[in-house]
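Shown here: model-v1.cif, mmCIF, C-alpha atoms.
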data_structure
#
loop_
_atom_site.label_atom_id
_atom_site.label_comp_id
_atom_site.auth_asym_id
_atom_site.auth_seq_id
_atom_site.Cartn_x
_atom_site.Cartn_y
_atom_site.Cartn_z
CA MET A 1 -6.64 -8.09 4.61
CA HIS A 2 -5.17 -8.86 8.03
CA ILE A 3 -3.96 -11.81 10.07
CA ALA A 4 -6.73 -12.94 12.41
CA ARG A 5 -4.94 -15.98 13.77
CA LEU A 6 -1.27 -16.98 13.90
CA SER A 7 -0.10 -20.40 15.11
CA LEU A 8 3.54 -21.41 15.54
CA SER A 9 4.81 -24.88 16.28
CA HIS A 10 8.50 -25.48 17.01
CA PHE A 11 9.41 -22.32 15.13
CA ARG A 12 12.62 -20.69 16.36
CA SER A 13 12.17 -20.02 20.10
CA HIS A 14 8.41 -20.68 20.03
CA ARG A 15 7.54 -24.25 20.93
CA ARG A 16 3.82 -23.52 20.62
CA THR A 17 2.16 -20.13 20.29
CA ASP A 18 -1.39 -19.32 19.15
CA LEU A 19 -2.65 -15.76 18.70
CA ASP A 20 -6.13 -14.51 17.88
CA ILE A 21 -5.96 -10.85 16.90
CA ASP A 22 -7.84 -8.15 15.02
CA ALA A 23 -6.85 -5.64 12.36
CA ARG A 24 -5.34 -3.07 14.75
CA PRO A 25 -1.55 -2.64 15.01
CA VAL A 26 0.24 -5.28 17.07
CA ALA A 27 2.84 -3.78 19.45
CA ILE A 28 5.27 -6.41 20.76
CA HIS A 29 7.73 -5.63 23.53
CA GLY A 30 10.23 -7.61 25.56
CA PRO A 31 13.95 -7.97 26.25
CA ASN A 32 16.45 -8.82 23.56
CA GLY A 33 16.45 -12.54 22.77
CA ALA A 34 12.93 -13.14 24.06
CA GLY A 35 11.50 -14.01 20.64
CA LYS A 36 9.87 -10.79 19.40
CA THR A 37 11.51 -10.80 16.00
CA ASN A 38 10.72 -14.50 15.63
CA LEU A 39 7.02 -13.63 15.71
CA ILE A 40 7.21 -11.14 12.87
CA GLU A 41 9.63 -13.35 10.95
CA ALA A 42 6.90 -15.98 10.98
CA VAL A 43 4.49 -13.42 9.50
CA SER A 44 7.04 -12.53 6.80
CA LEU A 45 7.07 -16.18 5.71
CA LEU A 46 3.43 -15.84 4.70
CA SER A 47 4.77 -14.10 1.58
CA PRO A 48 7.02 -15.51 -1.18
CA GLY A 49 10.70 -15.93 -0.42
CA ARG A 50 12.88 -16.63 2.59
CA GLY A 51 11.37 -14.06 4.91
CA LEU A 52 12.62 -11.15 6.94
CA ARG A 53 15.97 -12.70 7.89
CA ARG A 54 16.50 -14.81 4.74
CA ALA A 55 17.02 -17.87 6.91
CA THR A 56 17.40 -21.38 5.56
CA THR A 57 14.56 -23.81 6.19
CA ALA A 58 16.72 -25.76 8.66
CA ASP A 59 17.58 -22.63 10.67
CA LEU A 60 13.89 -21.93 11.34
CA ALA A 61 13.43 -25.14 13.32
CA ARG A 62 13.45 -24.98 17.10
CA ARG A 63 16.61 -26.46 18.60
CA PRO A 64 17.38 -28.99 19.85
CA ASP A 65 13.93 -30.51 19.16
CA GLY A 66 14.72 -31.22 15.52
CA ILE A 67 11.18 -32.23 14.56
CA GLY A 68 10.45 -29.61 11.93
CA TRP A 69 8.37 -26.45 12.19
CA ARG A 70 4.98 -25.11 11.15
CA ILE A 71 3.34 -21.70 10.68
CA GLY A 72 -0.42 -21.48 10.33
CA ALA A 73 -2.40 -18.31 9.69
CA THR A 74 -5.93 -17.18 9.01
CA LEU A 75 -6.17 -14.18 6.70
CA GLN A 76 -9.35 -12.17 6.85
CA GLY A 77 -10.69 -9.35 4.73
CA PRO A 78 -14.07 -7.94 3.73
CA GLY A 79 -16.21 -10.96 2.95
CA LEU A 80 -13.36 -13.45 2.60
CA ALA A 81 -10.95 -15.63 4.56
CA HIS A 82 -8.01 -17.85 3.67
CA GLU A 83 -6.07 -20.47 5.62
CA ILE A 84 -2.32 -20.68 5.07
CA ASP A 85 -0.11 -23.51 6.28
CA THR A 86 3.62 -23.47 5.61
CA ARG A 87 5.99 -25.99 7.19
CA ALA A 88 9.14 -28.05 6.79
CA GLU A 89 10.04 -31.48 8.08
CA PRO A 90 13.68 -32.27 8.92
CA GLY A 91 15.73 -32.56 5.74
CA ALA A 92 12.76 -31.62 3.52
CA ALA A 93 11.93 -28.53 1.51
CA ARG A 94 9.36 -26.07 2.74
CA ALA A 95 5.78 -26.94 1.76
CA THR A 96 2.86 -24.52 1.54
CA ARG A 97 -0.89 -25.12 1.52
CA ILE A 98 -3.58 -22.51 0.87
CA ASP A 99 -7.11 -23.38 1.94
CA GLY A 100 -6.07 -27.00 2.30
CA LYS A 101 -4.53 -27.34 -1.16
CA ALA A 102 -0.83 -27.58 -2.00
CA ALA A 103 0.46 -24.34 -3.50
CA ALA A 104 3.69 -22.78 -4.69
CA GLN A 105 5.23 -20.11 -2.49
CA THR A 106 4.76 -17.60 -5.29
CA ALA A 107 0.97 -18.00 -4.87
CA LEU A 108 1.22 -16.29 -1.48
CA GLY A 109 1.94 -12.98 -3.19
CA HIS A 110 -1.55 -13.01 -4.71
CA LEU A 111 -3.21 -13.37 -1.28
CA VAL A 112 -1.52 -10.82 0.92
CA ARG A 113 1.08 -8.07 0.49
CA ILE A 114 3.68 -7.87 3.27
CA LEU A 115 6.40 -5.22 3.64
CA TRP A 116 9.07 -5.02 6.32
CA LEU A 117 11.87 -3.01 7.81
CA SER A 118 14.48 -4.54 10.10
CA PRO A 119 17.70 -3.40 11.84
CA ALA A 120 19.71 -5.40 9.30
CA MET A 121 18.53 -2.90 6.67
CA ASP A 122 19.96 0.12 8.52
CA ARG A 123 23.12 0.03 6.38
CA LEU A 124 21.19 -0.49 3.14
CA TRP A 125 22.45 2.70 1.47
CA ILE A 126 26.13 2.24 2.32
CA GLU A 127 26.71 -1.48 1.75
CA GLY A 128 26.65 -3.57 -1.42
CA ALA A 129 24.02 -3.45 -4.14
CA GLU A 130 22.62 -6.90 -3.32
CA GLY A 131 20.66 -5.66 -0.31
CA ARG A 132 19.24 -2.70 -2.23
CA ARG A 133 18.27 -5.02 -5.07
CA ARG A 134 16.35 -7.25 -2.63
CA PHE A 135 14.66 -4.15 -1.21
CA LEU A 136 13.71 -3.08 -4.74
CA ASP A 137 12.36 -6.52 -5.54
CA ARG A 138 10.28 -6.60 -2.35
CA ILE A 139 8.71 -3.29 -3.40
CA THR A 140 8.15 -4.65 -6.90
CA LEU A 141 6.66 -7.91 -5.66
CA SER A 142 4.10 -5.99 -3.62
CA PHE A 143 2.67 -4.49 -6.83
CA PHE A 144 3.31 -7.39 -9.19
CA PRO A 145 2.96 -10.82 -7.54
CA ASP A 146 4.21 -12.51 -10.72
CA HIS A 147 7.55 -10.76 -10.22
CA ALA A 148 8.65 -13.65 -8.00
CA ALA A 149 8.17 -16.18 -10.79
CA ALA A 150 9.98 -13.96 -13.31
CA THR A 151 12.92 -13.51 -10.94
CA LEU A 152 13.09 -17.23 -10.23
CA GLY A 153 12.99 -18.05 -13.95
CA TYR A 154 15.76 -15.56 -14.71
CA GLU A 155 18.00 -16.81 -11.90
CA ARG A 156 17.60 -20.46 -12.90
CA ALA A 157 18.45 -19.75 -16.53
CA MET A 158 21.43 -17.60 -15.46
CA ARG A 159 22.79 -20.36 -13.19
CA ASP A 160 22.66 -22.79 -16.10
CA ARG A 161 24.34 -20.27 -18.39
CA ASN A 162 27.08 -19.65 -15.83
CA ARG A 163 27.66 -23.39 -15.62
CA LEU A 164 28.16 -23.55 -19.38
CA LEU A 165 30.62 -20.67 -19.15
CA ARG A 166 32.64 -22.34 -16.40
CA ASP A 167 32.63 -25.65 -18.27
CA HIS A 168 33.81 -23.89 -21.47
CA VAL A 169 30.88 -25.16 -23.51
CA THR A 170 30.99 -23.53 -26.95
CA ASP A 171 27.83 -24.88 -28.63
CA ALA A 172 25.79 -21.73 -29.33
CA ARG A 173 22.54 -23.68 -29.32
CA TRP A 174 22.80 -24.27 -25.56
CA PHE A 175 23.34 -20.57 -24.96
CA ASP A 176 20.61 -19.44 -27.32
CA GLY A 177 17.85 -21.20 -25.38
CA LEU A 178 19.03 -20.05 -21.96
CA GLU A 179 19.60 -16.48 -23.11
CA ALA A 180 16.14 -16.35 -24.64
CA ARG A 181 14.70 -17.37 -21.27
CA MET A 182 16.85 -14.82 -19.43
CA ALA A 183 15.83 -12.08 -21.85
CA GLU A 184 12.12 -12.88 -21.58
CA CYS A 185 12.16 -12.90 -17.77
CA GLY A 186 14.66 -10.03 -17.60
CA ALA A 187 12.44 -7.71 -19.65
CA GLN A 188 9.56 -8.47 -17.31
CA ILE A 189 11.75 -7.81 -14.27
CA ILE A 190 13.04 -4.48 -15.57
CA HIS A 191 9.58 -3.30 -16.56
CA ALA A 192 8.04 -4.27 -13.21
CA ARG A 193 10.83 -2.66 -11.18
CA LYS A 194 10.52 0.64 -13.03
CA ALA A 195 6.75 0.64 -12.75
CA ALA A 196 6.95 -0.07 -9.00
CA VAL A 197 9.46 2.74 -8.42
CA ALA A 198 7.22 5.11 -10.38
CA ARG A 199 4.29 4.25 -8.10
CA VAL A 200 6.29 4.74 -4.91
CA SER A 201 7.72 8.03 -6.19
CA ALA A 202 4.23 9.29 -7.00
CA ALA A 203 3.02 8.31 -3.52
CA GLN A 204 5.77 10.46 -2.00
CA SER A 205 5.13 13.52 -4.10
CA ASP A 206 1.83 14.61 -2.56
CA ALA A 207 1.99 12.92 0.85
CA GLN A 208 1.42 14.68 4.15
CA THR A 209 4.17 12.98 6.15
CA SER A 210 6.79 13.67 8.80
CA PHE A 211 9.37 11.60 6.93
CA PRO A 212 11.65 12.85 4.13
CA ALA A 213 11.00 12.08 0.49
CA ALA A 214 13.61 10.31 -1.63
CA ARG A 215 14.25 10.61 -5.34
CA LEU A 216 14.71 7.10 -6.67
CA ARG A 217 16.57 5.82 -9.70
CA ILE A 218 17.38 2.31 -10.91
CA ASP A 219 20.83 1.63 -12.31
CA GLN A 220 20.02 -1.14 -14.79
CA GLY A 221 23.30 -3.00 -14.47
CA ALA A 222 24.95 -1.93 -17.74
CA VAL A 223 21.96 -2.88 -19.88
CA ASP A 224 21.34 -0.33 -22.60
CA GLU A 225 17.65 0.48 -22.64
CA PRO A 226 15.82 0.79 -25.95
CA ALA A 227 14.34 4.16 -26.79
CA GLY A 228 11.16 5.05 -24.99
CA PRO A 229 9.97 4.67 -21.42
CA LEU A 230 9.50 1.18 -20.00
CA CYS A 231 6.77 2.11 -17.57
CA GLY A 232 4.59 4.70 -19.24
CA GLY A 233 1.41 3.54 -17.51
CA ASP A 234 -0.12 0.45 -15.98
CA ALA A 235 0.22 -1.59 -19.18
CA PRO A 236 3.16 -0.49 -21.35
CA PRO A 237 2.89 -1.50 -25.02
CA ASP A 238 4.10 -5.03 -25.71
CA ALA A 239 6.50 -3.54 -28.23
CA THR A 240 8.35 -1.79 -25.41
CA LYS A 241 8.95 -4.98 -23.46
CA ALA A 242 9.71 -6.80 -26.70
CA ALA A 243 12.38 -4.19 -27.46
CA MET A 244 13.94 -4.71 -24.05
CA ARG A 245 13.82 -8.49 -24.53
CA ASP A 246 15.58 -8.14 -27.89
CA ALA A 247 18.17 -5.77 -26.40
CA LEU A 248 18.92 -8.24 -23.61
CA THR A 249 19.15 -11.14 -26.05
CA ALA A 250 21.63 -9.26 -28.23
CA ALA A 251 23.69 -8.07 -25.24
CA LEU A 252 23.96 -11.58 -23.76
CA ALA A 253 25.06 -13.06 -27.08
CA ALA A 254 27.59 -10.29 -27.68
CA GLY A 255 28.98 -10.66 -24.18
CA ARG A 256 29.73 -14.39 -24.27
CA ARG A 257 33.43 -13.99 -25.05
CA ASP A 258 34.09 -11.74 -22.07
CA ASP A 259 31.74 -13.79 -19.89
CA TYR A 260 33.85 -16.88 -20.68
CA ARG A 261 36.87 -15.13 -19.19
CA ALA A 262 34.90 -14.04 -16.11
CA GLY A 263 33.12 -17.37 -15.70
CA ARG A 264 29.83 -15.60 -15.06
CA THR A 265 27.20 -13.33 -16.56
CA ARG A 266 28.56 -9.84 -16.03
CA PHE A 267 25.49 -7.71 -16.69
CA GLY A 268 21.72 -7.80 -16.65
CA PRO A 269 18.92 -7.17 -14.14
CA HIS A 270 20.79 -9.26 -11.56
CA ARG A 271 23.34 -6.42 -11.43
CA ALA A 272 20.81 -3.60 -11.01
CA ASP A 273 21.07 -1.15 -8.12
CA LEU A 274 18.60 1.20 -6.45
CA GLU A 275 19.86 4.74 -5.95
CA ALA A 276 18.22 7.22 -3.58
CA VAL A 277 18.68 10.95 -3.00
CA TYR A 278 17.37 12.84 0.03
CA ALA A 279 15.20 15.19 -1.99
CA ALA A 280 15.07 18.18 0.37
CA LYS A 281 18.87 18.26 0.69
CA ASP A 282 19.73 16.99 -2.78
CA MET A 283 22.10 14.55 -1.09
CA ASP A 284 22.81 10.91 -1.91
CA ALA A 285 21.39 8.62 0.75
CA ALA A 286 24.84 7.12 1.29
CA GLN A 287 26.11 10.55 2.38
CA CYS A 288 23.29 11.19 4.85
CA SER A 289 23.50 10.67 8.59
CA THR A 290 22.46 7.36 10.11
CA GLY A 291 19.23 8.90 11.36
CA GLU A 292 18.45 10.41 7.95
CA GLN A 293 19.07 7.09 6.24
CA LYS A 294 16.67 5.38 8.62
CA ALA A 295 14.05 8.07 8.07
CA LEU A 296 14.36 7.63 4.30
CA LEU A 297 13.78 3.89 4.64
CA ILE A 298 10.70 4.44 6.79
CA SER A 299 9.45 7.01 4.30
CA LEU A 300 9.81 4.57 1.39
CA VAL A 301 8.03 1.75 3.22
CA LEU A 302 5.16 4.09 4.10
CA ALA A 303 5.00 5.39 0.53
CA ASN A 304 4.95 1.82 -0.75
CA ALA A 305 2.05 1.07 1.59
CA ARG A 306 0.14 4.20 0.52
CA ALA A 307 0.60 3.37 -3.14
CA LEU A 308 -0.65 -0.18 -2.61
CA ALA A 309 -3.65 1.04 -0.63
CA ALA A 310 -4.55 3.45 -3.42
CA GLU A 311 -4.12 0.84 -6.14
CA THR A 312 -5.65 -2.24 -4.52
CA GLY A 313 -8.01 -0.69 -1.97
CA ALA A 314 -6.21 -2.40 0.91
CA ALA A 315 -3.05 -1.52 2.81
CA PRO A 316 -0.36 -4.20 3.09
CA ILE A 317 0.69 -5.82 6.34
CA LEU A 318 3.72 -3.95 7.69
CA LEU A 319 6.44 -5.50 9.85
CA LEU A 320 8.59 -2.91 11.63
CA ASP A 321 11.30 -4.49 13.75
CA GLU A 322 12.88 -2.22 16.39
CA VAL A 323 11.94 0.90 14.44
CA ALA A 324 10.46 2.97 17.28
CA ALA A 325 13.67 2.94 19.33
CA HIS A 326 15.48 4.96 16.63
CA LEU A 327 12.93 7.78 16.60
CA ASP A 328 12.44 10.69 18.96
CA ALA A 329 9.04 10.99 20.66
CA PRO A 330 7.41 13.42 18.15
CA ARG A 331 8.46 11.41 15.11
CA ARG A 332 7.47 8.17 16.83
CA ALA A 333 4.00 9.57 17.43
CA ALA A 334 3.87 10.72 13.81
CA LEU A 335 4.78 7.22 12.64
CA TYR A 336 1.95 5.71 14.68
CA ASP A 337 -0.52 8.23 13.28
CA GLU A 338 0.53 7.38 9.74
CA LEU A 339 0.24 3.65 10.39
CA LEU A 340 -3.24 4.09 11.80
CA GLY A 341 -4.18 6.30 8.86
CA LEU A 342 -3.31 3.48 6.47
CA GLN A 343 -5.94 1.31 8.17
CA GLY A 344 -3.82 -1.78 7.71
CA GLN A 345 -2.35 -4.21 10.20
CA ALA A 346 1.15 -3.29 11.37
CA TRP A 347 3.40 -5.38 13.62
CA LEU A 348 5.98 -3.45 15.64
CA THR A 349 8.64 -4.66 18.06
CA GLY A 350 10.60 -2.85 20.76
CA THR A 351 12.37 -3.58 24.02
CA GLY A 352 10.12 -1.45 26.24
CA ALA A 353 6.38 -0.99 26.59
CA ASP A 354 6.95 2.76 26.90
CA LEU A 355 7.83 2.91 23.19
CA PHE A 356 4.20 2.15 22.37
CA GLU A 357 2.41 4.29 24.95
CA ASP A 358 1.17 6.70 22.29
CA LEU A 359 -0.73 3.86 20.64
CA GLY A 360 -2.75 3.05 23.77
CA ALA A 361 -5.95 1.13 23.04
CA ARG A 362 -5.56 1.83 19.34
CA ALA A 363 -3.23 -1.19 19.25
CA GLN A 364 -2.92 -4.69 20.63
CA HIS A 365 -0.01 -5.02 23.06
CA ILE A 366 1.96 -8.21 23.59
CA ALA A 367 4.75 -8.83 26.09
CA VAL A 368 7.25 -11.53 25.15
CA ARG A 369 9.56 -13.18 27.65
CA GLU A 370 11.96 -16.09 27.56
CA THR A 371 11.52 -18.85 30.12
CA ALA A 372 13.61 -22.03 30.19
CA GLY A 373 14.60 -21.56 26.57
CA GLU A 374 11.05 -20.95 25.31
CA SER A 375 9.31 -17.78 24.20
CA ARG A 376 6.19 -16.96 26.19
CA ILE A 377 3.65 -14.29 25.31
CA GLU A 378 1.30 -12.29 27.49
CA LEU A 379 -1.54 -9.93 26.61
CA VAL A 380 -1.09 -6.56 28.32
CA GLY A 381 -2.89 -3.21 28.40
CA PRO A 382 -6.36 -2.33 27.10
CA HIS A 383 -7.69 -4.76 24.48
CA ARG A 384 -10.80 -6.02 22.84
CA GLY A 385 -11.55 -9.62 22.05
CA ASN A 386 -8.04 -11.08 21.82
CA HIS A 387 -6.67 -14.22 23.42
CA PHE A 388 -3.41 -16.08 23.43
CA THR A 389 -2.47 -19.67 24.17
CA GLU A 390 0.88 -21.00 25.31
CA ARG A 391 1.91 -24.60 25.67
#
As structure tokens, what does this structure read like?
Amino acid sequence: MHIARLSLSHFRSHRRTDLDIDARPVAIHGPNGAGKTNLIEAVSLLSPGRGLRRATTADLARRPDGIGWRIGATLQGPGLAHEIDTRAEPGAARATRIDGKAAAQTALGHLVRILWLSPAMDRLWIEGAEGRRRFLDRITLSFFPDHAAATLGYERAMRDRNRLLRDHVTDARWFDGLEARMAECGAQIIHARKAAVARVSAAQSDAQTSFPAARLRIDQGAVDEPAGPLCGGDAPPDATKAAMRDALTAALAAGRRDDYRAGRTRFGPHRADLEAVYAAKDMDAAQCSTGEQKALLISLVLANARALAAETGAAPILLLDEVAAHLDAPRRAALYDELLGLQGQAWLTGTGADLFEDLGARAQHIAVRETAGESRIELVGPHRGNHFTER
């Protein structure tokens, strides 16, 4: 599955941009502020969630136009095609349509798998757990599209429970219903996360790659796991997830008194953390050099893509923002070879065209410039059958 057409209207710095492309990598270069990242952010919004930069709907609109924004895309794969339209009018929530029919954002995860790496993630291993948890959930979502719905259900129930705690509500019946919902969704979340990490770890173990392997572990956020593995195969026994659900239910009920004092739910899958160790050095990722931390991130994204390709028969779409600039020439060439070996569409950005010379005609090259406050795009280098429209 790849993006064959991308259309932007009043999105960020792009007043109007239309791209017709093929399945080869898309190498985008241009000066800082020209609108390169805006292009791949638009692609990231073809998957569930708030996209690569976690922007609000209002922040995605081109300023000062204030007329709303739209992203349209044609997805193509062997013998199939889908049309996606996602947009937001001023003051309104984002709306999504798939093949002309209204759809929930979570439905996007069943159509296309999209992974990304951005400069904002460079400090992933040394900052708070929230960023690592989002990274873990993006990995998990790529394998289990229903993970988005489970996460949303858990968070909604937890917000309502936290409101009861802050309002000092003592009626156990209110808590029982919300905690049952949290436990049901929480067990699904924990199971899916562990299964996803197992797949990525397996994809690292026998890979021929220039990037370092990482040993991964999930800290479950002070939830005591029941005996037995939670991810012992593609379909763990229902009894295993039922045991986790019951353990969560009991822990939430037992923790109410202390949660009253804190005014919030103090433990559960919303407190989980992803831990990584540079395997060859037996060193925590947080203790590695900046370059090693970046290499570990690249390695995990590539392993995630390999695992998905092996499981589904199709590589995900990869969005790599300013990644090439942090690599020396040999490792940059190795990255390009691995991306091409995946046979999936990858979008890469960088400030200079020289960063993508090794790709040559194996990729589609786009130059982005800023003119009078608008992003403009230009096809450059050797290409086949692509065209671009600017207005």
re CA of Asp337 in chain A and CA of Ser210 in chain A: distance 10.2 Å
Explicit residue set for the PyMOL selection byres ((chain A and resi 316) around 12), as a PyMOL selection string
chain A and resi 1-3+23+44+47+77+109-116+139+141-143+301-315+317-319+339+342-347
On this file, the PyMOL selection byres ((chain A and resi 255) around 12) gives some set of residues; write that set as a list in words.
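Taken over the shown coordinates, the PyMOL selection byres ((chain A and resi 255) around 12) returns Leu165, Phe175, Glu179, Ala222, Val223, Leu248, Thr249, Ala250, Ala251, Leu252, Ala253, Ala254, Arg256, Arg257, Asp258, Asp259, Tyr260, Arg261, Ala262, Gly263, Arg264, Thr265, Arg266, Phe267 and Gly268 of chain A.
Picked out by the PyMOL selection byres ((chain A and resi 123) around 10) when it runs on this file: Pro119, Ala120, Met121, Asp122, Leu124, Trp125, Ile126, Glu127, Gly128, Gly131, Arg132, Ala286, Thr290, Gln293 and Lys294 of chain A.
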Quick one, how far is CA of Asp20 in chain A from CA of Ser7 in chain A?
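It comes out at 8.9 Å.
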Proximity to Leu355 in chain A - best of A:Pro330, A:Glu378, A:Gln287, A:His10, all atoms listed in the file
A:Pro330
Between CA of Tyr154 in chain A and CA of Arg245 in chain A, what is the spacing in Å?
12.3 Å
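With all atoms listed in the file as the atoms that count, the residue of A:Thr140, A:Gln364, A:Arg87, A:Arg376 with the shortest distance to Arg24 in chain A is A:Gln364.
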Applying 10 Å and only C-alpha atoms, which residues near Thr106 in chain A remain after dropping the ones on its own chain fewer than 2 positions away? List them as an MDAnalysis selection string.
chainID A and resid 47:49 96 103:104 108:111 141 145:149 152
For range 166-180 of chain A, supply N, CA and C atoms and format the output as a compact mmCIF listing (two decimals), in the frame of the given file.
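Output file out-v5.txt is given in full below:
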# COMPACT_ATOMS: atom_id res chain seq x y z
N ARG A 166 31.55 -21.75 -17.19
CA ARG A 166 32.64 -22.34 -16.40
C ARG A 166 33.15 -23.63 -17.01
N ASP A 167 32.23 -24.38 -17.65
CA ASP A 167 32.63 -25.65 -18.27
C ASP A 167 33.16 -25.47 -19.69
N HIS A 168 33.26 -24.24 -20.16
CA HIS A 168 33.81 -23.89 -21.47
C HIS A 168 33.04 -24.57 -22.61
N VAL A 169 31.73 -24.64 -22.45
CA VAL A 169 30.88 -25.16 -23.51
C VAL A 169 30.79 -24.10 -24.61
N THR A 170 30.97 -24.50 -25.86
CA THR A 170 30.99 -23.53 -26.95
C THR A 170 29.81 -23.67 -27.92
N ASP A 171 28.97 -24.67 -27.74
CA ASP A 171 27.83 -24.88 -28.63
C ASP A 171 26.82 -23.75 -28.43
N ALA A 172 26.65 -22.91 -29.45
CA ALA A 172 25.79 -21.73 -29.33
C ALA A 172 24.34 -22.10 -29.07
N ARG A 173 23.94 -23.29 -29.50
CA ARG A 173 22.54 -23.68 -29.32
C ARG A 173 22.16 -23.76 -27.85
N TRP A 174 23.07 -24.22 -27.01
CA TRP A 174 22.80 -24.27 -25.56
C TRP A 174 22.59 -22.87 -25.01
N PHE A 175 23.43 -21.95 -25.44
CA PHE A 175 23.34 -20.57 -24.96
C PHE A 175 22.09 -19.88 -25.48
N ASP A 176 21.74 -20.14 -26.72
CA ASP A 176 20.61 -19.44 -27.32
C ASP A 176 19.32 -19.67 -26.52
N GLY A 177 19.06 -20.90 -26.13
CA GLY A 177 17.85 -21.20 -25.38
C GLY A 177 17.82 -20.55 -24.01
N LEU A 178 18.96 -20.64 -23.30
CA LEU A 178 19.03 -20.05 -21.96
C LEU A 178 18.96 -18.53 -22.01
N GLU A 179 19.62 -17.94 -22.99
CA GLU A 179 19.60 -16.48 -23.11
C GLU A 179 18.23 -15.97 -23.51
N ALA A 180 17.51 -16.74 -24.30
CA ALA A 180 16.14 -16.35 -24.64
C ALA A 180 15.27 -16.33 -23.39
